[in-house]
Amino acid sequence: MTPKRPARPAIVGHRGAIAHAPENTLAAFRRAIEDGAQLLECDVHLSADDEVVVMHDETIDRTAAADSPRRSGAIGELTRAELDTVLLEDGEKVPSLAELLETTTVPLFIEVKVAGAGEAVAGQLAALPEDSPAKVSTVISFHAEALEAIRRGSPGTPVSYLVEQITEQTIRTAKDLGAAGIGPAIDGLALRAARAVHEAGLRLNPWTVNTAVQLEVALACGVDTITTDDPAWVQRELDVRS
């Protein structure tokens with residue numbers, strides 16, 4: 001059955017609202033919600049002591065501030081205590097997934113960057129109270145094995161399969177995973193592919209929409225969500241069209 005298309009796609013704050021605040025920080029996530037995001041997208045890795053850490057890169061090198069006491073190192077080789085010494089831009093700290101789950105007022109798209117983090121994320125989601133907004137979060141990943149771990153450890157948690165491009169094979173993989181959706185790159189997304197996704201009963205969650213042309217493609221394809229660095233801009237553009 002083809003899912004009913006929303007009248008207006010939900011806005012997802014990509015790593016928060018990184019057009020206005022340091023990516024994957026609590027400040028960026030707060031700003032995204034203030035700017036109209038109905039969901040937040042974050043990236044997670046495992047620290048050396050198996051804590052789930054919110055950061056996009058495998059290392060802290062790119063995002064650590066110039067005045068940070070620690071400016072380089074792989075997340076997987078640093079403990080949570082060591083990561084607590086890292087300063088990001090604007091004095092922000094490296095958040096844990098637990099912190100974000102406790103403070104968010106909207107659901108999340110949690111991107112598992114390394115396959116081994118799937119079980120840890122599943123455990124944290126399964127333990128959330130039923131009234132938590134994050135309880136209905138979706139786990140997303142390019143790694144099928146990470147999504148399989150989520151399905152085993154937290155069967156009620158929706159998953160969405162990230163891909164560079166939609167093909168018959170990626171749609172089959174998403175279906176085999178029991179995924180609720182598929183997330184292709186916006187560049188290259190076409191009407192035929194979008195139609196195939198919806199006919200397969202999957203939600204269409206493209207990334208990352210930051211230009212007027214990309215937004216027009218997303219809307220023409222009838223996407224279910226719009227992931228963007230600037231939720232306020234997408235909100236204004238959708239308001240104009242409503």
# chains A, B, ... in the order shown; residues from 1 in each chain; ligands from 1
>>> select_by_dssp(residues="chain A", states="alpha helix (DSSP H)", output="JSON, numbers by chain")
{"A": [26, 27, 28, 29, 30, 31, 32, 33, 34, 80, 81, 82, 83, 97, 98, 99, 100, 101, 102, 103, 118, 119, 120, 121, 122, 123, 124, 125, 126, 144, 145, 146, 147, 148, 149, 150, 151, 152, 153, 168, 169, 170, 171, 172, 173, 174, 175, 176, 191, 192, 193, 194, 195, 196, 197, 198, 199, 212, 213, 214, 215, 216, 217, 218, 219, 220, 231, 232, 233, 234, 235, 236, 237, 238, 239, 240, 241]}
>>> residues_around(residues="Glu148 of chain A", least_positions_apart="2", cutoff="10 Å", atoms="only C-alpha atoms", output="list in words")
Ala115, Gly118, Glu119, His143, Ala144, Glu145, Ala146, Ile150, Arg151, Arg152, Gly153, Ser154, Pro155, Val159, Asp176, Leu177, Gly178 and Ala179 of chain A
>>> closest_residue(among="A:Gly183, A:Pro22, A:Pro231, A:Gly222", to="Glu111 of chain A", atoms="only C-alpha atoms")
A:Gly183
>>> select_by_dssp(residues="segment 57-195 of chain A", states="strand (DSSP E)", output="list in words")
Leu108, Phe109, Ile110, Glu111, Val112, Thr138, Val139, Ile140, Ser141, Val159, Ser160, Tyr161, Leu162, Val163, Gly181, Ile182, Gly183 and Pro184 of chain A
>>> write_last_selection(atoms="N, CA and C atoms", output="tab-separated table (two decimals), in the first residue's frame")
chain	number	residue	atom	x	y	z
A	108	LEU	N	13.82	12.56	16.66
A	108	LEU	CA	15.12	12.65	16.01
A	108	LEU	C	15.21	11.72	14.80
A	109	PHE	N	16.06	12.10	13.86
A	109	PHE	CA	16.64	11.19	12.88
A	109	PHE	C	18.07	10.95	13.38
A	110	ILE	N	18.35	9.77	13.89
A	110	ILE	CA	19.65	9.46	14.47
A	110	ILE	C	20.47	8.68	13.44
A	111	GLU	N	21.49	9.33	12.89
A	111	GLU	CA	22.32	8.64	11.89
A	111	GLU	C	23.44	7.88	12.58
A	112	VAL	N	23.41	6.58	12.47
A	112	VAL	CA	24.46	5.72	13.02
A	112	VAL	C	25.60	5.68	12.00
A	138	THR	N	13.54	8.07	14.57
A	138	THR	CA	13.89	7.14	13.50
A	138	THR	C	15.41	7.01	13.44
A	139	VAL	N	15.90	5.81	13.31
A	139	VAL	CA	17.34	5.60	13.13
A	139	VAL	C	17.62	5.48	11.63
A	140	ILE	N	18.63	6.21	11.18
A	140	ILE	CA	19.00	6.21	9.78
A	140	ILE	C	20.46	5.81	9.65
A	141	SER	N	20.81	5.17	8.55
A	141	SER	CA	22.20	4.77	8.36
A	141	SER	C	22.43	4.30	6.94
A	159	VAL	N	13.21	2.63	11.10
A	159	VAL	CA	14.52	2.87	10.49
A	159	VAL	C	14.32	3.37	9.06
A	160	SER	N	15.32	4.11	8.59
A	160	SER	CA	15.31	4.61	7.22
A	160	SER	C	16.70	4.39	6.64
A	161	TYR	N	16.75	3.85	5.44
A	161	TYR	CA	18.00	3.45	4.79
A	161	TYR	C	18.56	4.61	3.98
A	162	LEU	N	19.77	5.03	4.32
A	162	LEU	CA	20.42	6.13	3.60
A	162	LEU	C	21.16	5.60	2.38
A	163	VAL	N	21.01	6.31	1.27
A	163	VAL	CA	21.66	5.91	0.01
A	163	VAL	C	22.10	7.16	-0.73
A	181	GLY	N	11.40	4.03	5.55
A	181	GLY	CA	11.71	5.01	4.52
A	181	GLY	C	13.09	4.79	3.93
A	182	ILE	N	13.39	5.63	2.95
A	182	ILE	CA	14.70	5.61	2.30
A	182	ILE	C	15.14	7.05	2.12
A	183	GLY	N	16.44	7.31	2.35
A	183	GLY	CA	16.93	8.67	2.31
A	183	GLY	C	18.02	8.86	1.28
A	184	PRO	N	17.67	9.32	0.08
A	184	PRO	CA	18.67	9.55	-0.97
A	184	PRO	C	19.22	10.97	-0.93
>>> residues_around(residues="Ser96 of chain A", least_positions_apart="4", cutoff="7 Å", atoms="only C-alpha atoms", output="JSON, numbers by chain")
{"A": [52, 53, 54, 100]}
>>> atom_distance(atom1="atom CA of Glu89 of chain A", atom2="atom CA of Gly76 of chain A")
21.3 Å
>>> residues_around(residues="Pro206 of chain A", least_positions_apart="5", cutoff="8 Å", atoms="only C-alpha atoms", output="list in words")
Ile182, Gly183, Pro184, Ala185, Ile186, Ala218, Val223, Thr225, Ile226 and Thr227 of chain A
